[in-house]
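Raw contents of input37.cif, mmCIF, C-alpha atoms:
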```cif
data_model
loop_
_atom_site.label_atom_id
_atom_site.label_comp_id
_atom_site.auth_asym_id
_atom_site.auth_seq_id
_atom_site.Cartn_x
_atom_site.Cartn_y
_atom_site.Cartn_z
CA MET I 27 7.31 5.49 -24.18
CA ALA I 28 6.43 3.68 -21.01
CA LEU I 29 7.84 4.23 -17.57
CA GLY I 30 11.47 5.10 -17.09
CA ALA I 31 11.63 7.14 -20.33
CA THR I 32 11.79 10.91 -20.67
CA GLN I 33 8.07 11.33 -21.22
CA VAL I 34 6.61 13.24 -18.26
CA SER I 35 3.00 12.16 -18.62
CA PRO I 36 2.50 8.66 -20.00
CA GLN I 37 -0.75 7.84 -21.75
CA LEU I 38 -2.74 5.63 -19.39
CA ALA I 39 -5.84 3.66 -20.29
CA VAL I 40 -8.22 1.71 -18.08
CA TYR I 41 -10.14 -0.90 -20.05
CA GLY I 42 -13.35 -1.60 -18.17
CA ALA I 43 -15.13 1.11 -16.18
CA GLY I 44 -16.99 -1.05 -13.69
CA ALA I 45 -16.83 -0.83 -9.92
CA ILE I 46 -13.02 -1.06 -9.86
CA GLY I 47 -12.03 0.47 -13.19
CA SER I 48 -14.19 3.57 -12.81
CA GLN I 49 -12.76 4.29 -9.36
CA LEU I 50 -9.22 3.76 -10.61
CA GLY I 51 -9.68 5.93 -13.70
CA GLY I 52 -11.62 8.64 -11.90
CA ARG I 53 -9.23 9.03 -9.00
CA VAL I 54 -6.06 8.79 -11.12
CA HIS I 55 -7.47 11.41 -13.50
CA ALA I 56 -8.28 13.69 -10.56
CA ALA I 57 -4.68 13.30 -9.40
CA GLY I 58 -3.50 14.80 -12.69
CA TYR I 59 -2.57 11.74 -14.71
CA ASN I 60 -3.32 11.46 -18.43
CA VAL I 61 -5.84 8.62 -18.37
CA THR I 62 -8.75 7.52 -20.55
CA LEU I 63 -11.42 5.00 -19.65
CA ILE I 64 -12.41 2.47 -22.30
CA GLU I 65 -15.88 1.06 -21.62
CA PRO I 66 -17.75 -1.36 -23.90
CA TRP I 67 -21.06 -1.17 -21.97
CA GLU I 68 -23.02 1.69 -23.48
CA PRO I 69 -25.18 2.60 -20.43
CA GLN I 70 -22.11 2.98 -18.22
CA ARG I 71 -20.18 4.84 -20.90
CA SER I 72 -23.05 7.25 -21.57
CA ALA I 73 -23.56 7.91 -17.86
CA ILE I 74 -19.89 8.77 -17.42
CA GLN I 75 -19.86 10.99 -20.50
CA ARG I 76 -22.99 12.78 -19.31
CA ASP I 77 -22.52 13.08 -15.54
CA GLY I 78 -19.14 11.57 -14.69
CA ILE I 79 -18.62 8.98 -11.95
CA THR I 80 -20.02 9.32 -8.46
CA VAL I 81 -18.28 7.28 -5.77
CA HIS I 82 -20.29 6.80 -2.60
CA ASP I 83 -17.95 6.16 0.32
CA SER I 84 -18.87 6.22 4.03
CA GLY I 85 -21.72 8.67 3.56
CA THR I 86 -19.80 10.99 1.24
CA GLU I 87 -20.09 11.47 -2.51
CA THR I 88 -17.13 12.30 -4.73
CA HIS I 89 -17.55 13.13 -8.40
CA TYR I 90 -15.00 12.44 -11.12
CA ARG I 91 -15.05 13.26 -14.81
CA PRO I 92 -12.39 11.23 -16.63
CA PRO I 93 -12.61 10.97 -20.42
CA VAL I 94 -14.22 7.77 -21.65
CA LEU I 95 -14.30 6.10 -25.08
CA ALA I 96 -15.94 3.08 -26.64
CA PRO I 97 -13.51 0.42 -27.90
CA SER I 98 -14.41 1.43 -31.47
CA GLU I 99 -13.19 4.96 -30.65
CA LEU I 100 -9.65 3.91 -29.76
CA PRO I 101 -8.27 5.59 -32.92
CA HIS I 102 -9.23 8.89 -31.27
CA LEU I 103 -6.71 8.44 -28.46
CA PRO I 104 -4.14 11.26 -28.52
CA GLY I 105 -1.27 8.77 -28.62
CA SER I 106 -0.20 5.20 -28.04
CA ILE I 107 -1.03 3.64 -24.70
CA ASP I 108 1.99 3.46 -22.40
CA ILE I 109 0.25 1.68 -19.52
CA LEU I 110 -2.92 -0.35 -19.98
CA PHE I 111 -4.87 -1.28 -16.86
CA LEU I 112 -7.23 -4.20 -17.47
CA ALA I 113 -10.31 -4.03 -15.24
CA VAL I 114 -12.61 -6.42 -17.11
CA LYS I 115 -13.94 -9.83 -16.14
CA SER I 116 -11.42 -12.63 -16.58
CA TYR I 117 -13.34 -14.13 -19.48
CA ASP I 118 -13.03 -10.80 -21.38
CA THR I 119 -9.24 -10.52 -20.94
CA LEU I 120 -8.15 -11.85 -24.31
CA ASP I 121 -10.83 -9.87 -26.18
CA ALA I 122 -9.71 -6.66 -24.44
CA LEU I 123 -6.12 -7.35 -25.45
CA ALA I 124 -7.13 -8.06 -29.04
CA VAL I 125 -9.04 -4.77 -29.26
CA THR I 126 -6.26 -2.64 -27.75
CA GLN I 127 -3.10 -4.33 -29.00
CA ALA I 128 -2.72 -2.15 -32.10
CA TYR I 129 -2.79 0.96 -29.89
CA LEU I 130 -0.15 -0.12 -27.38
CA ALA I 131 3.27 1.50 -27.36
CA PRO I 132 6.09 -0.98 -28.15
CA ASP I 133 7.11 -1.11 -24.50
CA CYS I 134 3.62 -0.68 -23.06
CA LEU I 135 2.97 -2.24 -19.67
CA VAL I 136 -0.20 -4.25 -19.22
CA VAL I 137 -1.44 -4.28 -15.63
CA SER I 138 -4.11 -6.81 -14.69
CA MET I 139 -6.33 -5.15 -12.07
CA GLN I 140 -8.46 -8.29 -12.08
CA ASN I 141 -9.29 -11.30 -9.98
CA SER I 142 -7.94 -14.76 -10.81
CA ILE I 143 -4.51 -15.29 -12.39
CA ASN I 144 -4.93 -13.73 -15.82
CA GLU I 145 -1.22 -12.92 -16.14
CA GLU I 146 -0.82 -16.54 -17.29
CA TRP I 147 -2.81 -15.71 -20.45
CA ILE I 148 -1.56 -12.14 -20.93
CA ALA I 149 2.17 -12.97 -20.80
CA PRO I 150 2.33 -15.15 -23.96
CA ILE I 151 0.74 -12.32 -25.94
CA ILE I 152 2.50 -9.27 -24.47
CA GLY I 153 5.69 -10.79 -23.07
CA GLY I 154 6.10 -11.65 -19.41
CA GLU I 155 8.52 -8.79 -18.75
CA ARG I 156 5.78 -6.28 -19.67
CA VAL I 157 3.04 -7.84 -17.54
CA LEU I 158 2.20 -6.51 -14.09
CA GLY I 159 -0.63 -7.34 -11.73
CA GLY I 160 -2.61 -5.45 -9.14
CA VAL I 161 -4.00 -7.67 -6.39
CA ILE I 162 -7.04 -5.75 -5.17
CA LEU I 163 -8.09 -5.95 -1.54
CA ILE I 164 -10.72 -3.21 -1.62
CA ASN I 165 -14.34 -3.67 -2.62
CA GLY I 166 -16.76 -1.78 -4.83
CA VAL I 167 -20.38 -2.19 -5.90
CA LEU I 168 -21.74 -0.76 -9.13
CA LEU I 169 -25.19 0.38 -8.06
CA GLU I 170 -26.30 1.81 -11.39
CA PRO I 171 -24.55 3.35 -14.39
CA GLY I 172 -22.27 6.13 -13.19
CA HIS I 173 -22.60 5.28 -9.48
CA VAL I 174 -20.21 3.13 -7.43
CA THR I 175 -20.26 2.39 -3.71
CA ALA I 176 -16.91 1.77 -2.03
CA THR I 177 -17.47 -0.73 0.80
CA PRO I 178 -15.31 -2.39 3.46
CA SER I 179 -13.94 -5.67 2.11
CA VAL I 180 -13.65 -9.11 3.63
CA SER I 181 -9.97 -9.10 2.63
CA GLN I 182 -9.18 -6.02 4.71
CA ALA I 183 -11.30 -6.90 7.74
CA SER I 184 -8.26 -8.23 9.57
CA ALA I 185 -7.91 -8.22 13.32
CA SER I 186 -4.11 -8.28 13.27
CA ALA I 187 -2.81 -6.98 9.94
CA ASP I 188 -2.89 -3.51 8.39
CA LEU I 189 -3.37 -4.38 4.73
CA PRO I 190 -3.11 -1.96 1.78
CA GLY I 191 -5.73 -1.46 -0.91
CA VAL I 192 -3.67 -3.00 -3.72
CA TYR I 193 -0.48 -5.01 -4.08
CA VAL I 194 1.39 -4.29 -7.33
CA GLY I 195 3.98 -6.68 -8.72
CA SER I 196 5.63 -7.97 -11.87
CA TYR I 197 4.73 -11.33 -13.37
CA ALA I 198 8.29 -12.09 -14.44
CA ALA I 199 10.60 -10.49 -11.87
CA PRO I 200 10.89 -8.92 -8.43
CA ALA I 201 9.73 -5.34 -8.03
CA GLY I 202 11.82 -2.85 -9.98
CA GLU I 203 11.48 0.73 -11.13
CA ARG I 204 8.45 0.02 -13.31
CA VAL I 205 6.55 -1.74 -10.55
CA ILE I 206 7.31 1.05 -8.09
CA GLU I 207 6.14 3.73 -10.53
CA VAL I 208 2.93 1.86 -11.41
CA ALA I 209 2.27 1.38 -7.69
CA SER I 210 2.66 5.15 -7.24
CA ILE I 211 -0.01 5.71 -9.91
CA VAL I 212 -2.40 3.21 -8.36
CA ASP I 213 -1.73 4.85 -5.00
CA ALA I 214 -3.68 7.87 -6.27
CA ALA I 215 -6.76 5.63 -6.09
CA TRP I 216 -6.04 3.39 -3.09
CA PRO I 217 -3.03 2.74 -0.83
CA ALA I 218 -0.73 0.62 -3.00
CA VAL I 219 2.39 -1.38 -2.14
CA ALA I 220 5.00 -2.72 -4.57
CA ILE I 221 5.80 -6.40 -3.96
CA ASP I 222 8.40 -8.88 -5.20
CA ASP I 223 6.25 -12.02 -5.41
CA LEU I 224 3.09 -11.28 -7.37
CA LEU I 225 1.96 -14.88 -7.73
CA HIS I 226 2.11 -15.46 -3.99
CA GLU I 227 -0.34 -12.60 -3.47
CA ARG I 228 -2.43 -13.78 -6.43
CA TRP I 229 -2.85 -17.18 -4.80
CA SER I 230 -3.53 -15.57 -1.43
CA LYS I 231 -6.36 -13.62 -3.07
CA MET I 232 -7.50 -16.73 -4.95
CA VAL I 233 -8.16 -18.36 -1.58
CA ILE I 234 -10.42 -15.44 -0.65
CA ASN I 235 -12.08 -15.16 -4.07
CA THR I 236 -12.89 -18.84 -4.17
CA MET I 237 -14.24 -19.15 -0.65
CA ILE I 238 -16.12 -15.82 -0.46
CA ASN I 239 -17.27 -15.27 -4.06
CA SER I 240 -18.31 -18.87 -4.66
CA VAL I 241 -20.40 -19.12 -1.51
CA SER I 242 -22.06 -15.75 -2.09
CA GLY I 243 -22.98 -16.77 -5.63
CA VAL I 244 -24.44 -20.12 -4.61
CA SER I 245 -26.26 -18.79 -1.54
CA GLY I 246 -27.27 -15.34 -2.80
CA LEU I 247 -26.05 -13.89 0.51
CA PRO I 248 -24.22 -10.54 0.66
CA SER I 249 -20.74 -10.72 2.20
CA ALA I 250 -21.66 -9.91 5.80
CA GLU I 251 -24.65 -12.26 5.85
CA ALA I 252 -22.55 -15.11 4.42
CA LEU I 253 -19.91 -14.59 7.11
CA ALA I 254 -22.61 -14.71 9.77
CA HIS I 255 -24.13 -17.94 8.37
CA PRO I 256 -22.62 -21.13 9.95
CA GLU I 257 -23.25 -23.40 6.95
CA ALA I 258 -21.80 -20.78 4.59
CA ARG I 259 -18.69 -20.56 6.75
CA PHE I 260 -18.29 -24.35 6.69
CA VAL I 261 -18.30 -24.37 2.87
CA GLN I 262 -15.98 -21.34 2.74
CA ILE I 263 -13.40 -23.07 4.92
CA ALA I 264 -13.63 -26.31 2.94
CA LEU I 265 -13.06 -24.38 -0.29
CA ALA I 266 -10.12 -22.47 1.19
CA ALA I 267 -8.40 -25.69 2.25
CA GLU I 268 -8.61 -27.02 -1.32
CA VAL I 269 -7.18 -23.81 -2.80
CA LEU I 270 -4.31 -23.88 -0.32
CA ARG I 271 -3.34 -27.39 -1.40
CA VAL I 272 -3.44 -26.46 -5.08
CA ALA I 273 -1.45 -23.27 -4.47
CA GLU I 274 1.26 -25.31 -2.76
CA ALA I 275 1.32 -27.77 -5.66
CA GLU I 276 1.70 -24.80 -8.04
CA GLY I 277 4.77 -23.70 -6.12
CA HIS I 278 3.15 -20.76 -4.34
CA PRO I 279 2.31 -21.91 -0.81
CA VAL I 280 0.18 -19.48 1.17
CA GLU I 281 0.99 -19.34 4.87
CA VAL I 282 -1.34 -16.58 6.09
CA ILE I 283 -4.89 -15.96 4.86
CA MET I 284 -6.69 -12.62 5.34
CA GLY I 285 -3.86 -11.52 7.61
CA ASP I 286 -5.19 -13.61 10.51
CA TYR I 287 -5.32 -17.35 9.79
CA SER I 288 -2.63 -19.90 9.07
CA ALA I 289 -2.94 -22.59 6.45
CA GLN I 290 -3.06 -25.13 9.27
CA ASP I 291 -6.00 -23.23 10.80
CA MET I 292 -7.86 -23.69 7.52
CA TYR I 293 -6.95 -27.37 7.20
CA ASP I 294 -8.03 -28.06 10.78
CA GLY I 295 -11.24 -26.09 10.27
CA ALA I 296 -12.09 -28.09 7.14
CA LEU I 297 -11.62 -31.32 9.12
CA GLY I 298 -13.76 -30.07 12.01
CA LYS I 299 -10.76 -30.04 14.36
CA SER I 300 -10.76 -26.28 15.04
CA GLU I 301 -13.23 -23.40 15.30
CA VAL I 302 -10.57 -20.69 14.97
CA VAL I 303 -11.40 -19.69 11.41
CA SER I 304 -15.16 -20.15 11.70
CA LYS I 305 -15.32 -17.94 14.78
CA GLY I 306 -13.02 -15.40 13.17
CA LEU I 307 -15.09 -15.22 9.99
CA GLY I 308 -18.21 -14.75 12.09
CA GLN I 309 -16.57 -11.81 13.85
CA ARG I 310 -15.64 -10.26 10.51
CA ALA I 311 -19.31 -10.00 9.61
CA ALA I 312 -19.59 -6.92 11.82
CA LEU I 313 -16.63 -5.29 10.03
CA VAL I 314 -18.07 -5.67 6.53
CA GLY I 315 -20.82 -3.25 5.48
CA PRO I 316 -24.29 -4.69 4.87
CA GLU I 317 -24.22 -3.26 1.33
CA ALA I 318 -21.03 -5.18 0.42
CA LYS I 319 -21.58 -7.74 -2.31
CA THR I 320 -18.95 -9.83 -4.03
CA SER I 321 -18.36 -9.23 -7.73
CA LEU I 322 -19.70 -12.71 -8.46
CA LEU I 323 -22.94 -12.09 -6.56
CA GLN I 324 -23.37 -8.77 -8.38
CA ASP I 325 -23.17 -10.68 -11.67
CA VAL I 326 -25.67 -13.27 -10.45
CA LEU I 327 -28.14 -10.56 -9.45
CA ARG I 328 -27.80 -8.96 -12.91
CA GLY I 329 -28.22 -12.27 -14.71
CA ARG I 330 -24.70 -11.99 -16.16
CA ARG I 331 -22.06 -14.61 -16.73
CA THR I 332 -19.92 -15.04 -13.62
CA GLU I 333 -16.22 -15.69 -13.10
CA SER I 334 -16.86 -19.01 -11.35
CA ASP I 335 -14.74 -20.85 -13.93
CA TYR I 336 -11.83 -18.57 -13.01
CA PHE I 337 -12.16 -19.07 -9.25
CA ALA I 338 -13.26 -22.51 -8.01
CA GLY I 339 -13.33 -23.82 -11.59
CA LEU I 340 -9.71 -22.84 -12.20
CA VAL I 341 -8.64 -24.36 -8.88
CA ALA I 342 -10.41 -27.62 -9.76
CA HIS I 343 -8.73 -27.64 -13.18
CA LYS I 344 -5.27 -27.08 -11.74
CA GLY I 345 -5.98 -29.59 -9.01
CA ARG I 346 -6.66 -32.28 -11.62
CA GLN I 347 -3.34 -31.44 -13.27
CA HIS I 348 -1.59 -32.15 -9.97
CA GLY I 349 -3.66 -35.22 -9.13
CA LEU I 350 -5.42 -33.42 -6.26
CA GLU I 351 -9.08 -33.88 -5.44
CA THR I 352 -11.08 -30.65 -5.06
CA PRO I 353 -14.65 -31.83 -4.45
CA TYR I 354 -15.94 -28.56 -2.99
CA CYS I 355 -14.49 -26.46 -5.81
CA SER I 356 -16.01 -28.84 -8.35
CA ALA I 357 -19.38 -28.79 -6.59
CA VAL I 358 -19.75 -25.01 -6.37
CA THR I 359 -18.60 -24.66 -9.99
CA GLU I 360 -21.27 -27.13 -11.11
CA LEU I 361 -23.95 -25.32 -9.10
CA MET I 362 -22.88 -21.93 -10.46
CA HIS I 363 -23.26 -23.29 -13.99
CA GLN I 364 -26.81 -24.33 -13.10
CA ILE I 365 -27.54 -20.88 -11.67
CA GLU I 366 -26.14 -19.17 -14.76
CA GLY I 367 -28.26 -21.45 -16.93
CA GLY I 368 -31.43 -20.58 -15.05
CA LEU I 369 -31.84 -24.12 -13.72
CA LEU I 370 -31.26 -23.18 -10.09
CA SER I 371 -31.85 -20.12 -7.93
CA PRO I 372 -29.21 -18.97 -5.45
CA SER I 373 -30.37 -19.33 -1.86
CA PRO I 374 -28.96 -20.33 1.53
CA GLU I 375 -30.69 -23.69 1.09
CA THR I 376 -28.47 -24.39 -1.92
CA LEU I 377 -25.51 -24.69 0.46
CA SER I 378 -26.79 -28.11 1.51
CA GLU I 379 -26.66 -29.12 -2.17
CA VAL I 380 -22.92 -28.42 -2.12
CA ARG I 381 -22.46 -31.03 0.60
CA ARG I 382 -24.72 -33.48 -1.22
CA LEU I 383 -22.61 -33.25 -4.38
CA VAL I 384 -19.40 -33.65 -2.38
CA GLU I 385 -20.71 -36.71 -0.55
CA ALA I 386 -22.30 -38.31 -3.61
#
```
Now, as a test, write the supplied structure out as structure tokens.
Amino acid sequence: MALGATQVSPQLAVYGAGAIGSQLGGRVHAAGYNVTLIEPWEPQRSAIQRDGITVHDSGTETHYRPPVLAPSELPHLPGSIDILFLAVKSYDTLDALAVTQAYLAPDCLVVSMQNSINEEWIAPIIGGERVLGGVILINGVLLEPGHVTATPSVSQASASADLPGVYVGSYAAPAGERVIEVASIVDAAWPAVAIDDLLHERWSKMVINTMINSVSGVSGLPSAEALAHPEARFVQIALAAEVLRVAEAEGHPVEVIMGDYSAQDMYDGALGKSEVVSKGLGQRAALVGPEAKTSLLQDVLRGRRTESDYFAGLVAHKGRQHGLETPYCSAVTELMHQIEGGLLSPSPETLSEVRRLVEA
């Protein structure tokens, strides 16, 4: 049974043992929970089986040894999964559900610990009342199999707000007992807060994912360098303004971004009427570690498919549905497709190509 039942130790599973999933599984396991990692990538799985997970954080190393299985080994789980945490790329969401669905308890909760708004695709399969989401504000870099670096994130580098590591909410309802209990589990990994309006926080994070991830992927710049780069900041602010308009059209207006900036600040910055956001982003560069890289840039550097279609691409798609123009989202999505196809190399000079496509 899932949460709220008489079972003392629910069977937890984390599907995807990358920079986020391995930290979540390792720390939750160390806290005494019954959790198993499910990792399709053989090098990462073998490294964890052999040596465990090493998390490098502020000059310290912490080692964790959670159990890990390949998807084909799911029949070896000791029981049905009561809570499934999805920590895979957005484009792998439906495949992960297909692989695990036969092993889920009838009232299993599925918790998307992912970027983008994957609850929209999970709910029709699982049922909206069983879908939760974790909006992640921390950052992690997978250096090599078995090794993760926890780095300061752009999301948390706020001058005025004390933000948690993760917001946990329900897709279909305000926070109830299940949300609170899942938040308490996640809290073993990072400070977690139960929230009533998951989609509001999803769209708040979508602003950040689209502006920060997209620009890092196109430019090849790590997070701090992108924040320190004036042209990169211009494109970031233009992207953010487009996401804010689409979020409002979707019924989830975002009033405060990164804890410091209002939507009007972003709109004025995109029109060149204000330097508030640009100056603020520049100041954040000093608060973000030089080793911090967005998940999208990490994929670019490894030659992997990126989630660009689930950030700027998704915003552009939803914008078209609402009759809204999103030229910057469309431009960075097109350029990311060229980069993924090997037709273009990410570099700071590519940022000027974004403007050219917008003005064409």
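All residues of protein, DNA or RNA that reach within 8 Å of range 97-111 of chain I, judged by only C-alpha atoms and not counting those fewer than 6 positions away in the chain, are Met27, Ala28, Leu29, Pro36, Gln37, Leu38, Ala39, Val40, Tyr41, Ile64, Glu65, Pro66, Val125, Thr126, Tyr129, Leu130, Ala131, Asp133, Cys134, Leu135, Val136, Val137, Ser138 and Met139 of chain I.
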As a ChimeraX atom specification, please: the residues near Val241 in chain I (cut-off 8 Å, all atoms listed in the file, same-chain neighbours under 5 positions excluded).
/I:236,246-247,252,258,261-262,358,377
Report task. Spell out the residues picked by the PyMOL selection byres ((chain I and resi 340) around 10) here, as a list in words. Result -> Ser142, Ile143, Met232, Thr236, Val269, Glu333, Ser334, Asp335, Tyr336, Phe337, Ala338, Gly339, Val341, Ala342, His343, Lys344, Gly345, Arg346, Cys355, Ser356 and Thr359 of chain I
From CA of Glu203 in chain I to CA of Pro279 in chain I the spacing works out at 26.5 Å
- [ ] Taking the file as shown, find all residues satisfying the PyMOL selection byres ((chain I and resi 281) around 12) and write them as a ChimeraX atom specification.
- [x] /I:226-227,229-230,233,267,270-271,273-274,278-280,282-293
Keeping C-alpha atoms for every residue in the selection just given, could you write it to a file as an mmCIF file, in the coordinates of the input?
```cif
data_model
loop_
_atom_site.group_PDB
_atom_site.id
_atom_site.type_symbol
_atom_site.label_atom_id
_atom_site.label_comp_id
_atom_site.auth_asym_id
_atom_site.auth_seq_id
_atom_site.Cartn_x
_atom_site.Cartn_y
_atom_site.Cartn_z
ATOM 1 C CA HIS I 226 2.110 -15.460 -3.990
ATOM 2 C CA GLU I 227 -0.340 -12.600 -3.470
ATOM 3 C CA TRP I 229 -2.850 -17.180 -4.800
ATOM 4 C CA SER I 230 -3.530 -15.570 -1.430
ATOM 5 C CA VAL I 233 -8.160 -18.360 -1.580
ATOM 6 C CA ALA I 267 -8.400 -25.690 2.250
ATOM 7 C CA LEU I 270 -4.310 -23.880 -0.320
ATOM 8 C CA ARG I 271 -3.340 -27.390 -1.400
ATOM 9 C CA ALA I 273 -1.450 -23.270 -4.470
ATOM 10 C CA GLU I 274 1.260 -25.310 -2.760
ATOM 11 C CA HIS I 278 3.150 -20.760 -4.340
ATOM 12 C CA PRO I 279 2.310 -21.910 -0.810
ATOM 13 C CA VAL I 280 0.180 -19.480 1.170
ATOM 14 C CA VAL I 282 -1.340 -16.580 6.090
ATOM 15 C CA ILE I 283 -4.890 -15.960 4.860
ATOM 16 C CA MET I 284 -6.690 -12.620 5.340
ATOM 17 C CA GLY I 285 -3.860 -11.520 7.610
ATOM 18 C CA ASP I 286 -5.190 -13.610 10.510
ATOM 19 C CA TYR I 287 -5.320 -17.350 9.790
ATOM 20 C CA SER I 288 -2.630 -19.900 9.070
ATOM 21 C CA ALA I 289 -2.940 -22.590 6.450
ATOM 22 C CA GLN I 290 -3.060 -25.130 9.270
ATOM 23 C CA ASP I 291 -6.000 -23.230 10.800
ATOM 24 C CA MET I 292 -7.860 -23.690 7.520
ATOM 25 C CA TYR I 293 -6.950 -27.370 7.200
#
```
Across I:Gly295, I:Gly349, I:Gly368, I:Gly243, the smallest distance to Ile263 in chain I, with only C-alpha atoms counted, is shown by I:Gly295
(message) Translate the PyMOL selection byres ((chain I and resi 148) around 9) into a concrete residue list for this structure, as a PyMOL selection string.
(response) chain I and resi 119-120+123+136+138+144-147+149-154+157
Restricted to C-alpha atoms, what would the selected residues look like written as a compact mmCIF listing (two decimals), in the frame of the given file?
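Okay, again_11.txt is ready:
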```txt
# COMPACT_ATOMS: atom_id res chain seq x y z
CA THR I 119 -9.24 -10.52 -20.94
CA LEU I 120 -8.15 -11.85 -24.31
CA LEU I 123 -6.12 -7.35 -25.45
CA VAL I 136 -0.20 -4.25 -19.22
CA SER I 138 -4.11 -6.81 -14.69
CA ASN I 144 -4.93 -13.73 -15.82
CA GLU I 145 -1.22 -12.92 -16.14
CA GLU I 146 -0.82 -16.54 -17.29
CA TRP I 147 -2.81 -15.71 -20.45
CA ALA I 149 2.17 -12.97 -20.80
CA PRO I 150 2.33 -15.15 -23.96
CA ILE I 151 0.74 -12.32 -25.94
CA ILE I 152 2.50 -9.27 -24.47
CA GLY I 153 5.69 -10.79 -23.07
CA GLY I 154 6.10 -11.65 -19.41
CA VAL I 157 3.04 -7.84 -17.54
```
Item checked: Long-range neighbours of Tyr354 in chain I as a ChimeraX atom specification, 7 Å cut-off, only C-alpha atoms, 4 positions minimum in chain -> /I:264-265,358,384
Computed gap from CA of Arg156 in chain I to CA of Tyr197 in chain I is 8.1 Å
Generate a file for range 94-112 of chain I, containing N, CA and C atoms, as a JSON list (two decimals), in the first residue's frame.
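Once written, part_23.json looks like this:
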```
[["chain", "number", "residue", "atom", "x", "y", "z"],
["I", 94, "VAL", "N", 20.62, -0.92, -6.60],
["I", 94, "VAL", "CA", 20.30, -0.44, -7.94],
["I", 94, "VAL", "C", 20.04, -1.63, -8.85],
["I", 95, "LEU", "N", 19.03, -1.49, -9.71],
["I", 95, "LEU", "CA", 18.66, -2.54, -10.66],
["I", 95, "LEU", "C", 18.57, -1.96, -12.06],
["I", 96, "ALA", "N", 18.74, -2.82, -13.05],
["I", 96, "ALA", "CA", 18.40, -2.48, -14.43],
["I", 96, "ALA", "C", 16.89, -2.60, -14.60],
["I", 97, "PRO", "N", 16.29, -1.89, -15.55],
["I", 97, "PRO", "CA", 14.85, -2.05, -15.77],
["I", 97, "PRO", "C", 14.44, -3.50, -15.99],
["I", 98, "SER", "N", 15.29, -4.29, -16.65],
["I", 98, "SER", "CA", 14.95, -5.70, -16.90],
["I", 98, "SER", "C", 14.94, -6.53, -15.61],
["I", 99, "GLU", "N", 15.50, -5.97, -14.53],
["I", 99, "GLU", "CA", 15.56, -6.69, -13.26],
["I", 99, "GLU", "C", 14.43, -6.31, -12.31],
["I", 100, "LEU", "N", 13.46, -5.55, -12.79],
["I", 100, "LEU", "CA", 12.34, -5.16, -11.93],
["I", 100, "LEU", "C", 11.60, -6.33, -11.28],
["I", 101, "PRO", "N", 11.51, -7.50, -11.94],
["I", 101, "PRO", "CA", 10.86, -8.62, -11.26],
["I", 101, "PRO", "C", 11.56, -9.03, -9.96],
["I", 102, "HIS", "N", 12.80, -8.59, -9.75],
["I", 102, "HIS", "CA", 13.52, -8.94, -8.53],
["I", 102, "HIS", "C", 13.22, -8.00, -7.37],
["I", 103, "LEU", "N", 12.41, -6.98, -7.59],
["I", 103, "LEU", "CA", 12.01, -6.13, -6.48],
["I", 103, "LEU", "C", 11.30, -6.96, -5.42],
["I", 104, "PRO", "N", 11.52, -6.63, -4.12],
["I", 104, "PRO", "CA", 10.90, -7.43, -3.06],
["I", 104, "PRO", "C", 9.39, -7.27, -2.98],
["I", 105, "GLY", "N", 8.84, -6.26, -3.61],
["I", 105, "GLY", "CA", 7.39, -6.06, -3.58],
["I", 105, "GLY", "C", 6.99, -4.99, -4.56],
["I", 106, "SER", "N", 5.69, -4.72, -4.64],
["I", 106, "SER", "CA", 5.21, -3.68, -5.54],
["I", 106, "SER", "C", 5.72, -2.31, -5.10],
["I", 107, "ILE", "N", 5.83, -1.43, -6.06],
["I", 107, "ILE", "CA", 6.32, -0.08, -5.78],
["I", 107, "ILE", "C", 5.16, 0.76, -5.25],
["I", 108, "ASP", "N", 5.35, 1.34, -4.08],
["I", 108, "ASP", "CA", 4.33, 2.20, -3.47],
["I", 108, "ASP", "C", 4.49, 3.66, -3.88],
["I", 109, "ILE", "N", 5.72, 4.09, -4.07],
["I", 109, "ILE", "CA", 5.99, 5.45, -4.52],
["I", 109, "ILE", "C", 7.11, 5.39, -5.55],
["I", 110, "LEU", "N", 6.80, 5.85, -6.76],
["I", 110, "LEU", "CA", 7.78, 5.87, -7.84],
["I", 110, "LEU", "C", 8.20, 7.31, -8.11],
["I", 111, "PHE", "N", 9.48, 7.59, -7.92],
["I", 111, "PHE", "CA", 10.04, 8.89, -8.25],
["I", 111, "PHE", "C", 10.64, 8.81, -9.65],
["I", 112, "LEU", "N", 10.17, 9.64, -10.55],
["I", 112, "LEU", "CA", 10.72, 9.68, -11.90],
["I", 112, "LEU", "C", 11.80, 10.77, -11.96]]
```
